[in-house]
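S.K.: The file below is final05.pdb, PDB, C-alpha atoms:
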```pdb
ATOM      1  CA  MET A  25       0.000   0.000   0.000  1.00  0.00           C
ATOM      2  CA  VAL A  26       2.870   2.316   0.878  1.00  0.00           C
ATOM      3  CA  GLU A  27       4.535   1.558  -2.453  1.00  0.00           C
ATOM      4  CA  ILE A  28       1.318   2.415  -4.323  1.00  0.00           C
ATOM      5  CA  VAL A  29       1.083   5.746  -2.462  1.00  0.00           C
ATOM      6  CA  LYS A  30       4.719   6.504  -3.320  1.00  0.00           C
ATOM      7  CA  ILE A  31       4.110   5.744  -6.986  1.00  0.00           C
ATOM      8  CA  LEU A  32       0.996   7.934  -7.039  1.00  0.00           C
ATOM      9  CA  PHE A  33       2.854  10.772  -5.295  1.00  0.00           C
ATOM     10  CA  ILE A  34       5.791  10.603  -7.684  1.00  0.00           C
ATOM     11  CA  SER A  35       3.470  10.484 -10.687  1.00  0.00           C
ATOM     12  CA  LEU A  36       1.539  13.495  -9.418  1.00  0.00           C
ATOM     13  CA  PHE A  37       4.810  15.366  -8.805  1.00  0.00           C
ATOM     14  CA  ILE A  38       6.047  14.637 -12.340  1.00  0.00           C
ATOM     15  CA  ILE A  39       2.751  15.747 -13.861  1.00  0.00           C
ATOM     16  CA  THR A  40       2.795  18.959 -11.793  1.00  0.00           C
ATOM     17  CA  LEU A  41       6.438  19.680 -12.642  1.00  0.00           C
ATOM     18  CA  THR A  42       5.763  19.084 -16.337  1.00  0.00           C
ATOM     19  CA  ALA A  43       2.778  21.410 -16.305  1.00  0.00           C
ATOM     20  CA  PHE A  44       4.765  24.066 -14.428  1.00  0.00           C
ATOM     21  CA  SER A  45       7.688  23.734 -16.823  1.00  0.00           C
ATOM     22  CA  GLY A  46       5.332  24.157 -19.764  1.00  0.00           C
ATOM     23  CA  CYS A  47       4.005  27.406 -18.335  1.00  0.00           C
ATOM     24  CA  THR A  48       7.481  28.722 -17.647  1.00  0.00           C
ATOM     25  CA  ASP A  49       8.660  27.998 -21.185  1.00  0.00           C
ATOM     26  CA  LYS A  50       5.622  29.722 -22.655  1.00  0.00           C
ATOM     27  CA  THR A  51       6.134  32.815 -20.517  1.00  0.00           C
ATOM     28  CA  THR A  52       9.811  33.009 -21.415  1.00  0.00           C
ATOM     29  CA  GLU A  53       9.032  32.629 -25.089  1.00  0.00           C
ATOM     30  CA  GLN A  54       6.473  35.441 -24.990  1.00  0.00           C
ATOM     31  CA  ALA A  55       8.820  37.771 -23.103  1.00  0.00           C
ATOM     32  CA  GLY A  56      11.578  37.114 -25.584  1.00  0.00           C
ATOM     33  CA  GLN A  57       9.593  38.057 -28.656  1.00  0.00           C
ATOM     34  CA  GLY A  58      11.309  41.201 -29.864  1.00  0.00           C
ATOM     35  CA  LYS A  59      14.030  43.002 -27.922  1.00  0.00           C
ATOM     36  CA  ILE A  60      12.895  46.072 -25.999  1.00  0.00           C
ATOM     37  CA  TYR A  61      14.720  49.352 -26.600  1.00  0.00           C
ATOM     38  CA  ILE A  62      14.199  52.376 -24.355  1.00  0.00           C
ATOM     39  CA  VAL A  63      13.467  55.528 -26.344  1.00  0.00           C
ATOM     40  CA  GLY A  64      14.123  58.890 -24.724  1.00  0.00           C
ATOM     41  CA  THR A  65      12.061  61.931 -25.682  1.00  0.00           C
ATOM     42  CA  GLU A  66      11.057  65.349 -24.394  1.00  0.00           C
ATOM     43  CA  PRO A  67       7.261  65.202 -24.874  1.00  0.00           C
ATOM     44  CA  TYR A  68       6.570  68.939 -25.129  1.00  0.00           C
ATOM     45  CA  PHE A  69       7.374  69.349 -28.803  1.00  0.00           C
ATOM     46  CA  PRO A  70       4.186  68.937 -30.851  1.00  0.00           C
ATOM     47  CA  PRO A  71       3.552  67.577 -33.374  1.00  0.00           C
ATOM     48  CA  PHE A  72       6.690  65.445 -32.974  1.00  0.00           C
ATOM     49  CA  GLU A  73       6.107  64.294 -29.377  1.00  0.00           C
ATOM     50  CA  TYR A  74       3.597  65.420 -26.787  1.00  0.00           C
ATOM     51  CA  ALA A  75       1.225  64.106 -24.117  1.00  0.00           C
ATOM     52  CA  ASP A  76      -2.080  62.710 -25.326  1.00  0.00           C
ATOM     53  CA  GLU A  77      -4.936  65.124 -24.507  1.00  0.00           C
ATOM     54  CA  ASN A  78      -7.033  62.226 -23.179  1.00  0.00           C
ATOM     55  CA  ASN A  79      -4.224  60.472 -21.306  1.00  0.00           C
ATOM     56  CA  SER A  80      -1.370  62.616 -20.012  1.00  0.00           C
ATOM     57  CA  ASN A  81       0.723  59.510 -19.325  1.00  0.00           C
ATOM     58  CA  LYS A  82       0.686  58.516 -22.992  1.00  0.00           C
ATOM     59  CA  ILE A  83       3.188  60.066 -25.410  1.00  0.00           C
ATOM     60  CA  VAL A  84       2.014  60.561 -28.995  1.00  0.00           C
ATOM     61  CA  GLY A  85       3.253  62.360 -32.085  1.00  0.00           C
ATOM     62  CA  PHE A  86       5.058  62.060 -35.394  1.00  0.00           C
ATOM     63  CA  ASP A  87       8.292  60.697 -33.914  1.00  0.00           C
ATOM     64  CA  VAL A  88       6.352  58.220 -31.770  1.00  0.00           C
ATOM     65  CA  ASP A  89       4.370  56.817 -34.691  1.00  0.00           C
ATOM     66  CA  LEU A  90       7.466  56.653 -36.878  1.00  0.00           C
ATOM     67  CA  ILE A  91       9.602  54.835 -34.298  1.00  0.00           C
ATOM     68  CA  ASN A  92       6.726  52.438 -33.598  1.00  0.00           C
ATOM     69  CA  ALA A  93       6.404  51.728 -37.327  1.00  0.00           C
ATOM     70  CA  ILE A  94      10.154  51.103 -37.611  1.00  0.00           C
ATOM     71  CA  ALA A  95      10.026  48.824 -34.555  1.00  0.00           C
ATOM     72  CA  ALA A  96       7.176  46.805 -36.064  1.00  0.00           C
ATOM     73  CA  ASP A  97       9.099  46.488 -39.330  1.00  0.00           C
ATOM     74  CA  GLN A  98      12.305  45.379 -37.602  1.00  0.00           C
ATOM     75  CA  GLY A  99      10.723  43.137 -34.976  1.00  0.00           C
ATOM     76  CA  PHE A 100      11.641  44.975 -31.780  1.00  0.00           C
ATOM     77  CA  ARG A 101       9.586  46.752 -29.141  1.00  0.00           C
ATOM     78  CA  VAL A 102      10.025  50.159 -27.529  1.00  0.00           C
ATOM     79  CA  GLN A 103       9.525  51.685 -24.112  1.00  0.00           C
ATOM     80  CA  TRP A 104       9.280  55.482 -23.916  1.00  0.00           C
ATOM     81  CA  LYS A 105      11.102  57.556 -21.300  1.00  0.00           C
ATOM     82  CA  ASP A 106      10.245  61.209 -20.591  1.00  0.00           C
ATOM     83  CA  LEU A 107      13.357  63.395 -20.177  1.00  0.00           C
ATOM     84  CA  GLU A 108      14.334  67.045 -20.454  1.00  0.00           C
ATOM     85  CA  PHE A 109      15.797  67.795 -23.889  1.00  0.00           C
ATOM     86  CA  ASP A 110      19.282  68.645 -22.620  1.00  0.00           C
ATOM     87  CA  ALA A 111      19.336  65.403 -20.581  1.00  0.00           C
ATOM     88  CA  LEU A 112      18.766  63.162 -23.608  1.00  0.00           C
ATOM     89  CA  ILE A 113      22.359  62.849 -24.830  1.00  0.00           C
ATOM     90  CA  PRO A 114      23.803  62.233 -21.321  1.00  0.00           C
ATOM     91  CA  ALA A 115      21.116  59.569 -20.782  1.00  0.00           C
ATOM     92  CA  LEU A 116      22.059  57.918 -24.087  1.00  0.00           C
ATOM     93  CA  GLN A 117      25.760  57.974 -23.256  1.00  0.00           C
ATOM     94  CA  SER A 118      25.202  56.517 -19.783  1.00  0.00           C
ATOM     95  CA  GLY A 119      22.993  53.692 -21.081  1.00  0.00           C
ATOM     96  CA  GLN A 120      19.726  54.860 -19.487  1.00  0.00           C
ATOM     97  CA  ILE A 121      18.150  54.963 -22.952  1.00  0.00           C
ATOM     98  CA  ASP A 122      18.970  53.291 -26.276  1.00  0.00           C
ATOM     99  CA  ILE A 123      17.445  55.729 -28.784  1.00  0.00           C
ATOM    100  CA  ILE A 124      16.730  59.457 -28.876  1.00  0.00           C
ATOM    101  CA  ALA A 125      13.548  60.345 -30.772  1.00  0.00           C
ATOM    102  CA  SER A 126      12.880  63.964 -29.932  1.00  0.00           C
ATOM    103  CA  GLY A 127      13.098  66.241 -32.955  1.00  0.00           C
ATOM    104  CA  MET A 128      16.878  66.324 -32.583  1.00  0.00           C
ATOM    105  CA  THR A 129      18.736  68.221 -35.266  1.00  0.00           C
ATOM    106  CA  ILE A 130      21.659  66.584 -37.001  1.00  0.00           C
ATOM    107  CA  THR A 131      24.557  68.963 -36.312  1.00  0.00           C
ATOM    108  CA  ASP A 132      28.341  68.646 -36.294  1.00  0.00           C
ATOM    109  CA  GLU A 133      28.303  69.231 -32.549  1.00  0.00           C
ATOM    110  CA  HIS A 134      25.768  66.466 -31.912  1.00  0.00           C
ATOM    111  CA  GLU A 135      27.552  64.070 -34.246  1.00  0.00           C
ATOM    112  CA  LYS A 136      30.663  64.271 -32.081  1.00  0.00           C
ATOM    113  CA  VAL A 137      28.827  62.477 -29.261  1.00  0.00           C
ATOM    114  CA  VAL A 138      26.055  60.378 -30.896  1.00  0.00           C
ATOM    115  CA  ASP A 139      25.423  58.489 -34.123  1.00  0.00           C
ATOM    116  CA  PHE A 140      22.454  59.637 -36.199  1.00  0.00           C
ATOM    117  CA  THR A 141      20.228  57.738 -38.560  1.00  0.00           C
ATOM    118  CA  GLU A 142      19.588  59.046 -42.028  1.00  0.00           C
ATOM    119  CA  PRO A 143      17.461  62.232 -41.812  1.00  0.00           C
ATOM    120  CA  TYR A 144      13.778  61.480 -41.383  1.00  0.00           C
ATOM    121  CA  ILE A 145      12.468  65.006 -41.953  1.00  0.00           C
ATOM    122  CA  ASN A 146      13.773  68.352 -43.172  1.00  0.00           C
ATOM    123  CA  ALA A 147      12.977  71.425 -41.127  1.00  0.00           C
ATOM    124  CA  GLY A 148      14.190  74.937 -40.414  1.00  0.00           C
ATOM    125  CA  LEU A 149      14.034  77.606 -37.736  1.00  0.00           C
ATOM    126  CA  ALA A 150      11.389  80.305 -37.448  1.00  0.00           C
ATOM    127  CA  LEU A 151      11.399  83.697 -35.783  1.00  0.00           C
ATOM    128  CA  ALA A 152       8.065  84.249 -34.039  1.00  0.00           C
ATOM    129  CA  VAL A 153       6.580  87.066 -31.945  1.00  0.00           C
ATOM    130  CA  ALA A 154       3.300  87.821 -30.181  1.00  0.00           C
ATOM    131  CA  ALA A 155       0.433  88.045 -32.648  1.00  0.00           C
ATOM    132  CA  ASP A 156      -0.112  91.738 -31.883  1.00  0.00           C
ATOM    133  CA  ASN A 157       3.578  92.694 -32.195  1.00  0.00           C
ATOM    134  CA  GLU A 158       3.976  95.174 -35.033  1.00  0.00           C
ATOM    135  CA  GLU A 159       7.501  96.283 -34.128  1.00  0.00           C
ATOM    136  CA  ILE A 160       9.397  93.146 -35.165  1.00  0.00           C
ATOM    137  CA  LYS A 161       8.951  92.230 -38.812  1.00  0.00           C
ATOM    138  CA  SER A 162      12.219  90.402 -39.535  1.00  0.00           C
ATOM    139  CA  ILE A 163      15.552  89.405 -38.067  1.00  0.00           C
ATOM    140  CA  ASP A 164      16.775  92.959 -38.733  1.00  0.00           C
ATOM    141  CA  ASP A 165      14.473  94.350 -36.020  1.00  0.00           C
ATOM    142  CA  LEU A 166      15.943  92.416 -33.081  1.00  0.00           C
ATOM    143  CA  LYS A 167      18.562  94.882 -31.815  1.00  0.00           C
ATOM    144  CA  GLY A 168      18.362  94.909 -28.013  1.00  0.00           C
ATOM    145  CA  LYS A 169      15.365  92.536 -27.983  1.00  0.00           C
ATOM    146  CA  VAL A 170      15.061  89.555 -25.622  1.00  0.00           C
ATOM    147  CA  ALA A 171      14.898  86.037 -27.044  1.00  0.00           C
ATOM    148  CA  ALA A 172      13.171  83.012 -25.484  1.00  0.00           C
ATOM    149  CA  VAL A 173      14.588  79.657 -26.585  1.00  0.00           C
ATOM    150  CA  GLN A 174      14.624  76.012 -25.592  1.00  0.00           C
ATOM    151  CA  GLN A 175      17.731  74.992 -23.674  1.00  0.00           C
ATOM    152  CA  GLY A 176      20.085  72.894 -25.816  1.00  0.00           C
ATOM    153  CA  SER A 177      18.161  73.390 -29.066  1.00  0.00           C
ATOM    154  CA  THR A 178      19.374  74.700 -32.408  1.00  0.00           C
ATOM    155  CA  GLY A 179      17.111  77.690 -31.747  1.00  0.00           C
ATOM    156  CA  SER A 180      19.245  78.512 -28.712  1.00  0.00           C
ATOM    157  CA  GLN A 181      22.406  78.140 -30.799  1.00  0.00           C
ATOM    158  CA  ALA A 182      21.009  80.505 -33.428  1.00  0.00           C
ATOM    159  CA  ALA A 183      20.131  83.037 -30.720  1.00  0.00           C
ATOM    160  CA  GLU A 184      23.604  82.760 -29.199  1.00  0.00           C
ATOM    161  CA  LYS A 185      25.154  83.420 -32.598  1.00  0.00           C
ATOM    162  CA  LEU A 186      22.967  86.499 -33.081  1.00  0.00           C
ATOM    163  CA  LYS A 187      23.874  87.752 -29.603  1.00  0.00           C
ATOM    164  CA  ALA A 188      27.589  87.258 -30.266  1.00  0.00           C
ATOM    165  CA  GLU A 189      27.146  89.352 -33.402  1.00  0.00           C
ATOM    166  CA  GLY A 190      25.425  92.087 -31.395  1.00  0.00           C
ATOM    167  CA  LYS A 191      22.124  91.645 -33.252  1.00  0.00           C
ATOM    168  CA  ILE A 192      19.936  90.815 -30.227  1.00  0.00           C
ATOM    169  CA  GLY A 193      19.804  91.502 -26.484  1.00  0.00           C
ATOM    170  CA  ASN A 194      19.485  88.926 -23.716  1.00  0.00           C
ATOM    171  CA  ILE A 195      18.451  85.276 -24.015  1.00  0.00           C
ATOM    172  CA  ILE A 196      16.026  83.440 -21.721  1.00  0.00           C
ATOM    173  CA  TYR A 197      16.580  79.672 -21.671  1.00  0.00           C
ATOM    174  CA  LEU A 198      13.547  77.499 -20.947  1.00  0.00           C
ATOM    175  CA  ALA A 199      12.780  73.787 -20.829  1.00  0.00           C
ATOM    176  CA  HIS A 200       9.652  73.568 -22.989  1.00  0.00           C
ATOM    177  CA  VAL A 201       8.059  75.285 -25.963  1.00  0.00           C
ATOM    178  CA  ASN A 202       4.935  76.097 -23.936  1.00  0.00           C
ATOM    179  CA  ASP A 203       7.124  77.961 -21.427  1.00  0.00           C
ATOM    180  CA  ILE A 204       8.717  79.919 -24.275  1.00  0.00           C
ATOM    181  CA  ILE A 205       5.342  81.027 -25.607  1.00  0.00           C
ATOM    182  CA  LEU A 206       4.171  81.963 -22.097  1.00  0.00           C
ATOM    183  CA  ASN A 207       7.183  84.286 -21.810  1.00  0.00           C
ATOM    184  CA  ILE A 208       6.250  85.855 -25.152  1.00  0.00           C
ATOM    185  CA  GLN A 209       2.688  86.375 -23.923  1.00  0.00           C
ATOM    186  CA  ASN A 210       3.638  87.944 -20.596  1.00  0.00           C
ATOM    187  CA  GLY A 211       6.211  90.241 -22.173  1.00  0.00           C
ATOM    188  CA  ARG A 212       9.335  88.826 -20.524  1.00  0.00           C
ATOM    189  CA  ALA A 213      10.645  87.982 -24.000  1.00  0.00           C
ATOM    190  CA  ASP A 214      10.162  89.800 -27.305  1.00  0.00           C
ATOM    191  CA  PHE A 215      10.627  86.901 -29.693  1.00  0.00           C
ATOM    192  CA  MET A 216      11.376  83.221 -29.988  1.00  0.00           C
ATOM    193  CA  ILE A 217      13.522  81.169 -32.343  1.00  0.00           C
ATOM    194  CA  ASN A 218      12.168  77.669 -32.666  1.00  0.00           C
ATOM    195  CA  ASP A 219      11.738  74.830 -35.126  1.00  0.00           C
ATOM    196  CA  LEU A 220       9.460  75.847 -37.989  1.00  0.00           C
ATOM    197  CA  PRO A 221       7.196  72.743 -38.038  1.00  0.00           C
ATOM    198  CA  VAL A 222       6.611  72.967 -34.289  1.00  0.00           C
ATOM    199  CA  THR A 223       5.872  76.688 -34.442  1.00  0.00           C
ATOM    200  CA  ASN A 224       3.448  76.169 -37.335  1.00  0.00           C
ATOM    201  CA  ALA A 225       1.728  73.366 -35.452  1.00  0.00           C
ATOM    202  CA  TYR A 226       1.233  75.599 -32.400  1.00  0.00           C
ATOM    203  CA  ILE A 227      -0.155  78.445 -34.502  1.00  0.00           C
ATOM    204  CA  SER A 228      -2.552  76.056 -36.220  1.00  0.00           C
ATOM    205  CA  LYS A 229      -3.856  74.801 -32.894  1.00  0.00           C
ATOM    206  CA  HIS A 230      -3.766  78.141 -31.030  1.00  0.00           C
ATOM    207  CA  PRO A 231      -4.431  80.923 -33.563  1.00  0.00           C
ATOM    208  CA  GLY A 232      -3.964  84.521 -32.485  1.00  0.00           C
ATOM    209  CA  VAL A 233      -1.250  83.869 -29.893  1.00  0.00           C
ATOM    210  CA  ILE A 234       1.978  84.129 -31.889  1.00  0.00           C
ATOM    211  CA  LYS A 235       2.918  84.713 -35.509  1.00  0.00           C
ATOM    212  CA  ILE A 236       5.944  83.928 -37.663  1.00  0.00           C
ATOM    213  CA  VAL A 237       7.748  86.965 -39.056  1.00  0.00           C
ATOM    214  CA  ASP A 238      10.798  85.244 -40.539  1.00  0.00           C
ATOM    215  CA  ASP A 239      10.905  81.556 -41.357  1.00  0.00           C
ATOM    216  CA  LYS A 240      13.642  79.134 -42.322  1.00  0.00           C
ATOM    217  CA  LEU A 241      16.461  81.075 -40.727  1.00  0.00           C
ATOM    218  CA  GLN A 242      18.542  78.022 -41.473  1.00  0.00           C
ATOM    219  CA  SER A 243      17.969  74.620 -43.018  1.00  0.00           C
ATOM    220  CA  GLU A 244      18.181  71.585 -40.768  1.00  0.00           C
ATOM    221  CA  SER A 245      17.264  67.907 -40.640  1.00  0.00           C
ATOM    222  CA  TYR A 246      16.134  65.685 -37.784  1.00  0.00           C
ATOM    223  CA  GLY A 247      17.544  62.236 -37.100  1.00  0.00           C
ATOM    224  CA  PHE A 248      17.095  59.508 -34.507  1.00  0.00           C
ATOM    225  CA  ALA A 249      20.221  59.080 -32.372  1.00  0.00           C
ATOM    226  CA  VAL A 250      21.932  56.054 -30.847  1.00  0.00           C
ATOM    227  CA  LYS A 251      25.052  55.695 -28.736  1.00  0.00           C
ATOM    228  CA  SER A 252      28.235  56.168 -30.719  1.00  0.00           C
ATOM    229  CA  GLY A 253      29.384  52.830 -32.125  1.00  0.00           C
ATOM    230  CA  ASN A 254      26.023  51.051 -31.767  1.00  0.00           C
ATOM    231  CA  ASN A 255      26.033  50.048 -35.439  1.00  0.00           C
ATOM    232  CA  GLU A 256      23.620  47.153 -35.015  1.00  0.00           C
ATOM    233  CA  LEU A 257      20.811  49.346 -33.717  1.00  0.00           C
ATOM    234  CA  LEU A 258      21.695  52.156 -36.137  1.00  0.00           C
ATOM    235  CA  ASN A 259      21.443  49.772 -39.107  1.00  0.00           C
ATOM    236  CA  MET A 260      18.080  48.463 -37.861  1.00  0.00           C
ATOM    237  CA  LEU A 261      16.687  51.977 -37.589  1.00  0.00           C
ATOM    238  CA  ASN A 262      17.974  52.980 -41.024  1.00  0.00           C
ATOM    239  CA  THR A 263      16.633  49.806 -42.647  1.00  0.00           C
ATOM    240  CA  GLY A 264      13.269  50.205 -40.950  1.00  0.00           C
ATOM    241  CA  LEU A 265      13.085  53.877 -41.929  1.00  0.00           C
ATOM    242  CA  GLU A 266      13.766  53.016 -45.560  1.00  0.00           C
ATOM    243  CA  ASN A 267      11.171  50.221 -45.499  1.00  0.00           C
ATOM    244  CA  VAL A 268       8.372  52.365 -44.050  1.00  0.00           C
ATOM    245  CA  LYS A 269       9.140  55.011 -46.638  1.00  0.00           C
ATOM    246  CA  GLN A 270       8.913  52.436 -49.401  1.00  0.00           C
ATOM    247  CA  ASP A 271       5.643  50.834 -48.249  1.00  0.00           C
ATOM    248  CA  GLY A 272       3.780  54.133 -47.783  1.00  0.00           C
ATOM    249  CA  THR A 273       3.627  54.094 -43.964  1.00  0.00           C
ATOM    250  CA  TYR A 274       5.837  57.175 -43.700  1.00  0.00           C
ATOM    251  CA  ASP A 275       3.530  59.170 -45.995  1.00  0.00           C
ATOM    252  CA  GLU A 276       0.509  58.137 -43.903  1.00  0.00           C
ATOM    253  CA  ILE A 277       2.204  59.395 -40.731  1.00  0.00           C
ATOM    254  CA  MET A 278       3.196  62.636 -42.435  1.00  0.00           C
ATOM    255  CA  ALA A 279      -0.391  63.213 -43.561  1.00  0.00           C
ATOM    256  CA  LYS A 280      -1.641  62.554 -40.029  1.00  0.00           C
ATOM    257  CA  TYR A 281       0.497  65.246 -38.407  1.00  0.00           C
ATOM    258  CA  PHE A 282       1.236  67.722 -41.192  1.00  0.00           C
TER     259      PHE A 282
END
```
Translate this file's structure into structure tokens.

M.R.:
Amino acid sequence: MVEIVKILFISLFIITLTAFSGCTDKTTEQAGQGKIYIVGTEPYFPPFEYADENNSNKIVGFDVDLINAIAADQGFRVQWKDLEFDALIPALQSGQIDIIASGMTITDEHEKVVDFTEPYINAGLALAVAADNEEIKSIDDLKGKVAAVQQGSTGSQAAEKLKAEGKIGNIIYLAHVNDIILNIQNGRADFMINDLPVTNAYISKHPGVIKIVDDKLQSESYGFAVKSGNNELLNMLNTGLENVKQDGTYDEIMAKYF
């Protein structure tokens, strides 16, 4: 009788272990489907990246849709991380994130510390003022005027160049585009230099607040960035970008946001 009980117990144990092992294998297989890359972004830059109006914890935008499309094409998954713009490159270098997707301009300075994909959109800078400002009509009217710019952006670099040339007054550095526009509205700043597509998107959504008086101060292109030397990920992003351009997905995303 004891032997029968032992046999039954061992059989039950084997069946249980087999069932448990089956579940473990299935879970592992599901978790391993597609490597996860952490994508850093500063989600206050519409229409490229911004918080969903219906869910502030969800990041949406042109860059988000494009990276997600590339990820689907290349068989990896992404996890988004909200960071200040000037913290993105340090986070990439330290390994906190794997990809920067945040309307980052491809510049010689940036290329010294990160590797960029092929450009995914061409843009430029715009000079904008309060909608009721009749004093500033072009870049020639900025003598002694105060600029509001985003810290670490090409707009801030353009303002710094103008200041060094004696063409403008002081510069106020801010974290987000909304903060820049608030400073224009309350009179702390006279003008802003910001990316043209973003400025146009704001004007379209909030007419009568600011206006562009000089656009395309300089030509520039955006790229997704990876850590210097990460050729595997860079090649995946470039291949995926080319594929979504070829199959029409890129054009669909462009039409959605522009």

S.K.: Tell me, as a short mmCIF file (atom, residue, chain, number, x, y, z; two decimals) with C-alpha atoms, keeping the file's coordinate frame, which residues lie within 8 Å of range 268-273 of chain A, counting all atoms listed in the file; anything in the same chain fewer than 3 positions away does not count.

M.R.:
```cif
data_model
loop_
_atom_site.label_atom_id
_atom_site.label_comp_id
_atom_site.auth_asym_id
_atom_site.auth_seq_id
_atom_site.Cartn_x
_atom_site.Cartn_y
_atom_site.Cartn_z
CA ALA A 93 6.40 51.73 -37.33
CA ILE A 94 10.15 51.10 -37.61
CA ASP A 97 9.10 46.49 -39.33
CA GLY A 264 13.27 50.20 -40.95
CA LEU A 265 13.08 53.88 -41.93
CA GLU A 276 0.51 58.14 -43.90
CA ILE A 277 2.20 59.40 -40.73
#
```

S.K.: Expand the PyMOL selection byres ((chain A and resi 69-83) around 9) into the explicit residue set it covers here, and present it as a compact mmCIF listing (two decimals) with C-alpha atoms, keeping the file's coordinate frame.

M.R.:
```txt
# COMPACT_ATOMS: atom_id res chain seq x y z
CA THR A 65 12.06 61.93 -25.68
CA GLU A 66 11.06 65.35 -24.39
CA PRO A 67 7.26 65.20 -24.87
CA TYR A 68 6.57 68.94 -25.13
CA VAL A 84 2.01 60.56 -29.00
CA GLY A 85 3.25 62.36 -32.08
CA PHE A 86 5.06 62.06 -35.39
CA ASP A 87 8.29 60.70 -33.91
CA VAL A 88 6.35 58.22 -31.77
CA TRP A 104 9.28 55.48 -23.92
CA ASP A 106 10.24 61.21 -20.59
CA ALA A 125 13.55 60.34 -30.77
CA SER A 126 12.88 63.96 -29.93
CA GLY A 127 13.10 66.24 -32.96
CA HIS A 200 9.65 73.57 -22.99
CA VAL A 201 8.06 75.28 -25.96
CA ASN A 202 4.93 76.10 -23.94
CA PRO A 221 7.20 72.74 -38.04
CA VAL A 222 6.61 72.97 -34.29
CA THR A 223 5.87 76.69 -34.44
CA ALA A 225 1.73 73.37 -35.45
CA TYR A 226 1.23 75.60 -32.40
CA TYR A 281 0.50 65.25 -38.41
CA PHE A 282 1.24 67.72 -41.19
```

S.K.: Would you write out, as a list in words, every residue that the PyMOL selection byres ((chain A and resi 153) around 7) captures in this file?

M.R.: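 Evaluating the PyMOL selection byres ((chain A and resi 153) around 7) on this file yields Ala152, Ala154, Ala155, Asn157, Ile208, Asp214, Phe215, Met216, Ile234, Lys235 and Ile236 of chain A.
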
S.K.: Output the residue selection produced by the PyMOL selection byres ((chain A and resi 130) around 10) on the file above, formatted as a PyMOL selection string.

M.R.: chain A and resi 127-129+131-135+138-143+178+244-249

S.K.: Using all atoms listed in the file, which of the listed residues (A:Arg101, A:Lys136, A:Lys187, A:Lys59) sits closest to Ile113 in chain A?

M.R.: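 Of all the options, A:Lys136 lies closest to Ile113 in chain A.
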
S.K.: Tell me, in Å to one decimal, how far CA of Val173 in chain A is from CA of Ile205 in chain A.

M.R.: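 A separation of 9.4 Å between them.
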
S.K.: Quote the spacing between CA of Ile121 in chain A and CA of Asp275 in chain A in Å to one decimal place.

M.R.: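 If I compute the distance from CA of Ile121 in chain A to CA of Asp275 in chain A, I get 27.6 Å.
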
S.K.: Please determine, counting all atoms listed in the file, which residue among A:Ala183, A:Ile195, A:Leu90, A:Val102 has the shortest atom-to-atom distance to Ile123 in chain A.

M.R.: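 Ranked by minimum distance to Ile123 in chain A, first place goes to A:Val102.
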
S.K.: As an exercise, work out the distance from CA of Leu206 in chain A to CA of Gln242 in chain A in Å and give it to one decimal place.

M.R.: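 Taking CA of Leu206 in chain A and CA of Gln242 in chain A, their separation equals 24.4 Å.
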
S.K.: Give the answer as one residue: which of A:Asp89, A:Asp122, A:Asp219, A:Asp156 has the shortest atom-to-atom distance to Leu241 in chain A, using all atoms listed in the file?

M.R.: A:Asp219

S.K.: For Phe109 in chain A, which residue among A:Gly58, A:Pro231, A:Gly64, A:Gly148 is the nearest when counting only C-alpha atoms?

M.R.: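 Checking each candidate against Phe109 in chain A, we get A:Gly64 as the closest.
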
S.K.: Could you tell me which of A:Lys251, A:Ile204, A:Asn146, A:Leu166 comes closest to Val237 in chain A if we count only C-alpha atoms?

M.R.: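 Among the listed residues, the smallest separation from Val237 in chain A belongs to A:Leu166.
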
S.K.: What lies within 8 Å of Gly168 in chain A using all atoms listed in the file, ignoring chain neighbours under 2 positions off, as a PyMOL selection string?

M.R.: chain A and resi 166+170+191-194
